[in-house]
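Trainee: Please find structure-v3.tsv (TSV, C-alpha atoms) on the next line:
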```
chain	number	residue	atom	x	y	z
A	12	ALA	CA	99.27	68.78	100.91
A	13	VAL	CA	98.98	67.50	97.36
A	14	VAL	CA	101.92	69.59	96.14
A	15	TRP	CA	105.01	71.11	97.80
A	16	THR	CA	106.16	74.31	96.15
A	17	VAL	CA	109.79	75.43	96.12
A	18	SER	CA	110.70	79.07	95.49
A	19	ALA	CA	114.01	80.92	95.75
A	20	ALA	CA	115.47	84.43	95.67
A	21	PRO	CA	118.97	85.93	96.17
A	22	ARG	CA	119.99	86.77	99.74
A	23	LEU	CA	119.98	90.53	99.05
A	24	ASP	CA	117.45	90.80	96.23
A	25	LEU	CA	113.70	90.19	96.01
A	26	THR	CA	113.74	89.07	92.38
A	27	PRO	CA	112.54	85.44	92.35
A	28	LYS	CA	114.50	82.67	90.68
A	29	THR	CA	112.59	81.35	87.65
A	30	TRP	CA	112.39	78.11	85.71
A	31	TRP	CA	111.15	77.77	82.12
A	32	PHE	CA	108.82	75.11	80.69
A	33	PRO	CA	106.89	74.65	77.44
A	34	ILE	CA	103.30	76.02	77.46
A	35	VAL	CA	103.51	77.77	80.86
A	36	GLY	CA	106.75	79.64	80.13
A	37	SER	CA	108.80	81.20	82.94
A	38	MET	CA	107.69	80.21	86.47
A	39	PRO	CA	108.90	81.61	89.85
A	40	TYR	CA	108.37	78.28	91.65
A	41	LEU	CA	108.53	74.51	91.18
A	42	GLY	CA	105.92	72.02	92.39
A	43	TRP	CA	106.76	68.57	93.79
A	44	PHE	CA	104.41	65.74	94.71
A	45	ASN	CA	106.89	64.38	97.27
A	46	ARG	CA	107.76	66.59	100.24
A	47	ARG	CA	111.24	65.17	100.79
A	48	ASP	CA	112.11	65.71	97.11
A	49	ALA	CA	111.04	69.35	97.45
A	50	GLU	CA	113.06	69.80	100.65
A	51	HIS	CA	116.17	68.18	99.13
A	52	TYR	CA	115.96	70.48	96.12
A	53	ALA	CA	115.54	73.52	98.39
A	54	GLU	CA	118.61	72.41	100.36
A	55	ARG	CA	120.62	72.27	97.12
A	56	LEU	CA	119.54	75.81	96.24
A	57	ALA	CA	120.36	77.05	99.76
A	58	ALA	CA	123.84	75.55	99.45
A	59	GLU	CA	124.28	77.62	96.27
A	60	GLY	CA	123.49	80.80	98.24
A	61	TRP	CA	119.75	81.26	97.63
A	62	ASP	CA	117.05	82.11	100.14
A	63	THR	CA	114.56	79.24	99.76
A	64	ASP	CA	110.98	78.56	100.80
A	65	VAL	CA	109.01	75.30	100.75
A	66	ARG	CA	105.27	75.67	101.20
A	67	ALA	CA	102.31	73.31	101.06
A	68	ALA	CA	99.62	73.65	98.38
A	69	SER	CA	96.18	72.07	98.64
A	70	ALA	CA	95.46	72.14	94.89
A	71	TYR	CA	96.87	72.73	91.43
A	72	SER	CA	95.57	73.31	87.92
A	73	THR	CA	96.52	71.64	84.65
A	74	LEU	CA	95.29	74.82	82.90
A	75	GLY	CA	92.38	73.11	81.18
A	76	TRP	CA	94.50	70.42	79.52
A	77	LEU	CA	93.15	67.73	81.88
A	78	SER	CA	90.15	67.39	84.18
A	79	ASP	CA	91.30	68.52	87.62
A	80	PRO	CA	89.81	66.58	90.55
A	81	VAL	CA	88.47	67.95	93.83
A	82	LEU	CA	91.07	66.63	96.28
A	83	SER	CA	90.77	65.78	99.97
A	84	THR	CA	93.52	68.36	100.65
A	85	MET	CA	91.11	71.11	99.57
A	86	ILE	CA	88.82	70.27	102.51
A	87	ARG	CA	90.51	71.72	105.59
A	88	ASP	CA	89.48	70.75	109.11
A	89	ARG	CA	88.48	74.20	110.37
A	90	GLU	CA	85.61	76.66	110.49
A	91	GLY	CA	84.84	78.17	107.11
A	92	VAL	CA	85.75	74.96	105.30
A	93	ALA	CA	82.91	75.43	102.80
A	94	GLY	CA	84.22	78.88	101.83
A	95	ASP	CA	87.77	77.56	101.56
A	96	LEU	CA	86.63	74.78	99.21
A	97	VAL	CA	84.56	77.09	97.01
A	98	GLU	CA	87.41	79.61	96.75
A	99	VAL	CA	90.10	77.08	95.82
A	100	VAL	CA	87.88	75.48	93.15
A	101	LEU	CA	87.18	78.91	91.68
A	102	HIS	CA	90.86	79.91	91.89
A	103	GLU	CA	92.01	76.85	89.97
A	104	SER	CA	89.10	77.21	87.52
A	105	VAL	CA	90.33	80.70	86.63
A	106	HIS	CA	93.69	79.17	85.67
A	107	ALA	CA	91.92	76.53	83.58
A	108	THR	CA	89.91	79.26	81.81
A	109	HIS	CA	92.44	82.04	81.27
A	110	TYR	CA	96.22	81.76	81.57
A	111	VAL	CA	98.99	83.95	80.13
A	112	SER	CA	102.38	82.29	79.63
A	113	SER	CA	105.25	83.65	81.78
A	114	GLN	CA	102.94	86.04	83.68
A	115	THR	CA	102.63	84.48	87.15
A	116	TYR	CA	102.16	87.85	88.88
A	117	TYR	CA	99.14	88.52	86.66
A	118	ASN	CA	97.77	84.96	86.67
A	119	GLU	CA	97.88	84.36	90.42
A	120	SER	CA	96.68	87.83	91.42
A	121	LEU	CA	93.78	87.56	88.96
A	122	ALA	CA	92.80	84.09	90.21
A	123	ASP	CA	92.88	85.29	93.84
A	124	PHE	CA	90.85	88.41	93.03
A	125	VAL	CA	88.15	86.59	91.06
A	126	ALA	CA	87.87	83.62	93.44
A	127	GLU	CA	87.52	85.78	96.55
A	128	ARG	CA	84.72	87.90	95.08
A	129	LEU	CA	82.85	85.04	93.43
A	130	THR	CA	82.92	82.94	96.61
A	131	ALA	CA	80.78	85.49	98.46
A	132	ARG	CA	78.45	85.70	95.45
A	133	TYR	CA	78.20	81.90	95.35
A	134	PHE	CA	77.17	81.80	99.01
A	135	GLY	CA	74.56	84.46	98.33
A	136	SER	CA	73.03	82.42	95.51
A	137	ARG	CA	72.89	79.17	97.54
A	138	ARG	CA	70.43	79.94	100.33
A	139	ALA	CA	70.77	76.44	101.79
A	140	LEU	CA	74.38	77.08	102.78
A	141	ASP	CA	75.01	77.89	106.43
A	142	ARG	CA	75.46	81.65	106.87
A	143	TRP	CA	77.91	80.94	109.68
A	144	GLN	CA	80.14	79.27	107.12
A	145	LEU	CA	80.09	82.52	105.12
A	146	LEU	CA	80.97	84.55	108.21
A	147	ALA	CA	83.82	82.17	109.05
A	148	TYR	CA	85.08	82.46	105.47
A	149	GLN	CA	84.91	86.26	105.61
A	150	GLU	CA	86.97	86.22	108.80
A	151	THR	CA	89.53	84.01	107.06
A	152	VAL	CA	89.67	86.47	104.14
A	153	ALA	CA	90.18	89.40	106.54
A	154	ARG	CA	93.06	87.62	108.27
A	155	GLY	CA	94.58	86.73	104.91
A	156	ARG	CA	94.39	90.32	103.72
A	157	GLU	CA	96.08	91.58	106.88
A	158	ARG	CA	98.83	88.96	106.52
A	159	ALA	CA	99.33	89.93	102.85
A	160	ARG	CA	99.46	93.62	103.84
A	161	ARG	CA	102.20	92.98	106.41
A	162	LEU	CA	104.19	90.84	103.99
A	163	HIS	CA	103.95	93.60	101.38
A	164	GLN	CA	105.14	96.17	103.91
A	165	ALA	CA	108.17	94.02	104.66
A	166	PHE	CA	108.77	93.57	100.92
A	167	GLN	CA	108.86	97.35	100.45
A	168	GLU	CA	111.06	97.87	103.51
A	169	LEU	CA	113.61	95.31	102.35
A	170	GLU	CA	113.46	96.56	98.76
A	171	ALA	CA	114.55	100.00	100.01
A	172	LEU	CA	117.21	98.43	102.23
A	173	TYR	CA	118.76	96.42	99.38
A	174	ALA	CA	118.84	99.49	97.12
A	175	SER	CA	120.65	101.56	99.78
A	176	PRO	CA	124.43	102.15	99.81
A	177	ARG	CA	124.85	100.30	103.14
A	178	ALA	CA	127.40	97.50	103.40
A	179	ALA	CA	126.21	93.99	102.57
A	180	SER	CA	126.89	92.82	106.14
A	181	ASP	CA	124.68	95.62	107.52
A	182	LYS	CA	121.94	94.74	105.06
A	183	LEU	CA	122.02	91.09	106.10
A	184	ARG	CA	121.78	91.97	109.81
A	185	GLU	CA	118.86	94.36	109.23
A	186	LYS	CA	117.16	91.82	106.98
A	187	GLN	CA	117.44	89.20	109.72
A	188	ARG	CA	115.92	91.57	112.27
A	189	ILE	CA	112.97	92.47	110.00
A	190	THR	CA	112.17	88.94	108.86
A	191	ALA	CA	112.57	87.37	112.33
A	192	ALA	CA	110.20	89.94	113.85
A	193	LEU	CA	107.66	89.39	111.06
A	194	THR	CA	107.87	85.59	111.38
A	195	ALA	CA	107.05	85.89	115.09
A	196	GLU	CA	104.31	88.49	114.55
A	197	LEU	CA	102.46	86.44	111.93
A	198	GLY	CA	103.08	83.11	113.64
A	199	PHE	CA	104.66	81.57	110.56
A	200	ALA	CA	105.64	77.93	110.97
A	201	ARG	CA	108.70	78.48	108.77
A	202	PRO	CA	111.16	81.41	108.67
A	203	ILE	CA	110.19	84.29	106.38
A	204	ASN	CA	112.89	85.29	103.90
A	205	ASN	CA	113.23	86.89	100.46
A	206	ALA	CA	111.77	83.83	98.73
A	207	THR	CA	108.68	83.94	100.99
A	208	LEU	CA	108.11	87.65	100.35
A	209	ALA	CA	108.68	87.40	96.59
A	210	GLN	CA	106.19	84.52	96.42
A	211	SER	CA	103.54	86.40	98.41
A	212	ARG	CA	103.82	89.30	95.99
A	213	GLN	CA	103.10	86.98	93.06
A	214	TYR	CA	99.71	86.11	94.58
A	215	HIS	CA	98.63	89.40	96.12
A	216	GLY	CA	100.62	92.22	94.53
A	217	ALA	CA	98.20	93.10	91.72
A	218	GLU	CA	94.92	92.66	93.64
A	219	PRO	CA	94.54	96.42	94.38
A	220	ILE	CA	94.97	97.11	90.65
A	221	PHE	CA	92.29	94.56	89.75
A	222	GLY	CA	90.06	96.13	92.41
A	223	GLU	CA	90.36	99.58	90.83
A	224	LEU	CA	89.77	98.14	87.37
A	225	PHE	CA	86.71	96.24	88.61
A	226	GLU	CA	85.21	99.38	90.16
A	227	HIS	CA	85.67	101.28	86.87
```
Can you present the structure in this file as structure tokens?
Mentor:
Amino acid sequence: AVVWTVSAAPRLDLTPKTWWFPIVGSMPYLGWFNRRDAEHYAERLAAEGWDTDVRAASAYSTLGWLSDPVLSTMIRDREGVAGDLVEVVLHESVHATHYVSSQTYYNESLADFVAERLTARYFGSRRALDRWQLLAYQETVARGRERARRLHQAFQELEALYASPRAASDKLREKQRITAALTAELGFARPINNATLAQSRQYHGAEPIFGELFEH
């Protein structure tokens, strides 16, 4: 990975912790170039009582302020690599073209929506590209959508649980049951918690809304 992203949320709340910076405003995650630095910071937050998540990122955008390179981390060793590369370049290019301060939910969902749809169009306009690469990319998209759907279901289930009058100890036990089962079901390499779910929502939560708007 080129960047390691740290996010956090309370143990019984899905509202992400935010940090504020000039230009970009409020952000629900922090990026680190060194993995150990990211992990140490996450450990500090966990000691303060936060659910934390550290995930790898293959790319980042400087929002048009600098020329962003195509990095080796964008080229994954798997089928559909061409689609992956096209999508990530388009995703980061959306950020470099249009970015609203303190609106991560909007920015990331928009970038995901645009990149996914333009990738298929790009393949269609480049006849020399291997059609099997497009099929492999489409399979990757389908798996990603199913994973996002399950994460969103868990988000809604836990949101209802946290709003209920049940005792905090009961909520924690039920949360552990739900997240452990989901971690196993999706084959996540790291445990799913509130920070994981809150972060997933930032990237995928508004895509259905953009889809409806696009159709209109």
Trainee: What gap, in Å, lies between CA of Ala19 (chain A) and CA of Gly42 (chain A)?
Mentor: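 Those two atoms sit 12.5 Å apart.
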Trainee: Which neighbours of Ala209 (chain A) fall inside 10 Å, counting all atoms listed in the file, when residues of the same chain fewer than 3 positions from it are skipped, and could you give them as a list in words?
Mentor: Ser18, Ala19, Ala20, Asp24, Leu25, Thr26, Pro27, Lys28, Pro39, Leu162, His163, Phe166, Asn204, Asn205, Ala206, Arg212, Gln213, Tyr214 and Gly216 of chain A
Trainee: Record the distance separating CA of Ser175 (chain A) and CA of Arg188 (chain A), expressed in Å with one decimal.
Mentor: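 According to the coordinates, CA of Ser175 (chain A) and CA of Arg188 (chain A) are separated by 16.7 Å.
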Trainee: Calculated over only C-alpha atoms, which of the candidates A:Glu170, A:Asp141, A:Glu127, A:Glu119 has the smallest distance to Ala217 (chain A)?
Mentor: A:Glu119
Trainee: What is the distance, in Å and to one decimal place, between CA of Val17 (chain A) and CA of Leu172 (chain A)?
Mentor: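 Computed distance, CA of Val17 (chain A) to CA of Leu172 (chain A), equals 24.9 Å.
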Trainee: Taking into account all atoms listed in the file, which residue in the set A:Ala107, A:Leu129, A:Val65, A:Leu96 is nearest to Arg201 (chain A)?
Mentor: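 Among the listed residues, A:Val65 lies closest to Arg201 (chain A).
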Trainee: Excluding Leu121 (chain A) and residues on its chain fewer than 5 positions from it, collect all residues at most 12 Å away from it, counting all atoms listed in the file, and give them as a PyMOL selection string.
Mentor: chain A and resi 101-106+108-111+114-116+126-128+213-222+224-225
Trainee: If you count all atoms listed in the file, which residues fall within 12 Å of Ser83 (chain A), apart from same-chain ones fewer than 5 positions away, as a ChimeraX atom specification?
Mentor: /A:12-13,68-70,88,92,96
